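Notes to accompany the following structure.
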Amino acid sequence: MAEPILVDSFIAVTLGIVVYFLGSRLTEQFEFLRKYSIPEPVSGGLLAALVTLGVVTVTGREVVYDLASRDSLLIYFFTTIGLNARFSDLIKGGPLLGLMLVLTIGYMFIQNGIGVVGASLFGLPSQAGVMMGTTSLIGGHGTAIAWGPVVEEQYAVAGAAELGIAAATIGLIMASLIGGPIASYLIARDQLEPSAKEKTAAANSNEEGSGMVASTDPTGGPTNPGMMRAILWTHLAIVIGFIADESLELTGANLPLFVPCLLSGILLANLMPRVFPKIKTPTGTASLQLLQDFSLAVFLSMSLMSMQLWTLAGSAGVLAFTMTLQAAAAAAFIIFVVYRTMGRNYFAGVMSAGFAGFALGATPTAIANMTAVTHKYGPSPLAFIVLPLVSAFFVDIANAFIIQLFVSNLP
């Protein structure tokens with residue numbers, strides 16, 4: 001293939017914003033996108049990825065994006081999640097968090113089993129199936145890239161990394177497309193709506209706390225001081241998270257950077273008001289919410305628009321078969337296990353959209369799915385605390401052990 005077309009970081013961010021508005025326009029034009037709560041960055045990003053595929057097909061040149069800024073937006077997003085968390089909510093979510101973790105770990109074994117079956121039916125080594133299981137789906141592109149060389153070298157699976165990256169790409173698309181429809185189906189079928197506690201918690205998040213926007217803006221909307229405060233606290237939490245990450249690396253622990261940033265945001269938001277009660281924090285403000293929405297929307301737009309769809313052709317058969325099974329299994333598990341176990345209520349419906357997002361794609365996709373659902377049907381604050389802690393923290397640790405268990409014990 002000819003020399004690639006390189007898109008630098010600044011232009012990539014700009015295109016990500018354009019893609020978001022494209023998705024917003026598509027949502028306005030097509031009823032089914034609104035009906036099934038498809039996030040705007042997803043519809044716009046998929047269309048942009050198809051356009052990019054056309055460019056590659058016509059010119060014979062790959063399109064390569066510099067995604068450094070996108071990765072920074074991911075850190076911003078999870079840090080704002082932490083800054084919006086309250087210990088009281090975490091305590092309430094403790095049992096639910098543990099229950100969701102148990103369900104997720106159980107499903108990870110199912111997911112790897114499906115991958116192994118798909119690989120075996122197409123004559124591939126069993127270990128190749130793990131690259132179409134939790135390595136690429138729950139693990140995402142980063143985990144697929146990390147484990148690909150290991151599986152290829154130690155277990156003689158040619159093209160393991162490419163297979164995993166392709167599976168992760170398809171998984172991201174599926175996660176973006178099925179989460180909203182599943183939640184919409186469950187909510188409509190059982191006539192669900194937010195509980196009084198969920199509505200109160202959401203209302204309080206805009207009215208209470210240290211330095212809430214409501215005290216300076218009668219409309220409760222973002223303000224200039226509010227935005228500056230939100231950005232400052234986000235940066236402080238990121239600095240602390242970065243220092244913690246460096247310290248963890250010295251001990252041999254290797255977690256994604258956004259995990260310590262998420263945790264540092266939680267600690268700052270909950271400890272600082274108690275130690276320094278006169279200091280204003282951005283927790284629960286519209287300004288912090290705007291920063292969170294912006295970082296997630298542009299991150300997801302850039303992730304979808306930069307997908308290299310042309311890389312999927314080489315393993316089309318096994319990928320089509322196995323990913324179809326994965327999507328069907330995820331949908332069945334969500335409807336018959338996750339939704340029922342989590343309570344068969346509105347919270348469970350929102351969590352169902354989130355579970356689809358991270359079980360097949362990535363945590364930001366899960367949050368985008370839940371955001372689209374709650375924008376349409378109403379708030380569920382606890383879901384936005386429970387799911388990121390499971391999907392962005394505990395699952396990454398569990399996945400490393402499960403992948404190693406599978407690849408080392410398969411024939």
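Here's how to read the names in the structure tokens: chain A, B, ... by the order shown, residue numbers from 1 in each chain, ligand numbers from 1 in the order shown.
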
>> Need to verify the contact set: stretch 108-122 of chain A, 6 Å, only C-alpha atoms, exclusion of same-chain residues closer than 4 positions in sequence. Can you return it as an NGL selection string?
In response: :A and (126 or 129-130 or 132-134 or 322)

Neighbouring residues of A:Ile75 were defined as those with any atom within 9 Å, considering only C-alpha atoms; residues of the same chain fewer than 6 positions away were excluded. Please report them as a compact mmCIF listing (two decimals) with C-alpha atoms, in the first residue's frame.
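Printed below is part.txt as written:
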# COMPACT_ATOMS: atom_id res chain seq x y z
CA ILE A 238 -4.96 14.08 37.03
CA LEU A 257 -3.72 5.70 33.73
CA PHE A 258 -7.39 6.62 33.90
CA VAL A 259 -7.93 4.26 36.85
CA CYS A 261 -7.12 9.42 37.96
CA LEU A 262 -10.68 8.19 38.57
CA SER A 295 -14.59 14.86 26.70

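Among the candidates A:Ser315, A:Gly140, A:Ser247, A:Ile11, the one nearest to A:Ala160 when counting only C-alpha atoms is A:Ser315.
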
Just the residues within 12 Å of A:Thr59, please, counting only C-alpha atoms, with nothing from its chain fewer than 5 positions along; format it as an mmCIF file with C-alpha atoms, in the first residue's frame.
data_model
loop_
_atom_site.group_PDB
_atom_site.id
_atom_site.type_symbol
_atom_site.label_atom_id
_atom_site.label_comp_id
_atom_site.auth_asym_id
_atom_site.auth_seq_id
_atom_site.Cartn_x
_atom_site.Cartn_y
_atom_site.Cartn_z
ATOM 1 C CA MET A 1 0.000 0.000 0.000
ATOM 2 C CA ALA A 2 1.180 3.537 -0.752
ATOM 3 C CA GLU A 3 2.394 6.004 1.842
ATOM 4 C CA PRO A 4 -0.394 6.635 4.392
ATOM 5 C CA ILE A 5 -2.356 9.830 4.810
ATOM 6 C CA THR A 52 -12.527 6.848 5.363
ATOM 7 C CA LEU A 53 -12.865 3.293 4.072
ATOM 8 C CA GLY A 54 -13.969 4.750 0.733
#

> stretch 347-356 of chain A: which residues within 9 Å, counting only C-alpha atoms, same-chain residues fewer than 6 positions away excluded, as number ranges by chain?
Replying inline: A: 104, 174-176, 178-187, 192-195, 198, 327, 330-331, 334-335, 338-341, 363, 365-371, 373-374, 379-384, 386-387, 391

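Candidate residues A:Gln191, A:Thr234, A:Gln127, A:Gln289 were compared for distance to A:Val151, and the nearest is A:Gln127, using only C-alpha atoms.
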
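Coordinates place atom CA of A:Leu389 at a distance of 11.2 Å from atom CA of A:Leu96.
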
> Hey, which of A:Leu309, A:Leu67, A:Ile91, A:Val150 ends up closest to A:Ser408? Count only C-alpha atoms.
Replying inline: A:Val150

> Closest to A:Pro282 among A:Leu263, A:Val239, A:Val56, A:Ala85, using only C-alpha atoms?
Replying inline: A:Ala85

> Quick one: DSSP strand (DSSP E or B) residues in stretch 6-200 of chain A, as a list in words?
Replying inline: Leu6, Val7, Arg61, Glu62, Val63, Val64 and Tyr65 of chain A

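One distance worth recording is that between atom CA of A:Val7 and atom CA of A:Phe294, which is 21.2 Å.
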
>> Under the rule that only C-alpha atoms are counted, which of A:Trp147, A:Phe358, A:Phe10, A:Tyr20 is the nearest residue to A:Leu163?
In response: A:Trp147

> Using only C-alpha atoms, which of A:Ala332, A:Ile17, A:Ile81, A:Met323 sits nearest A:Ser303?
Replying inline: A:Ile17
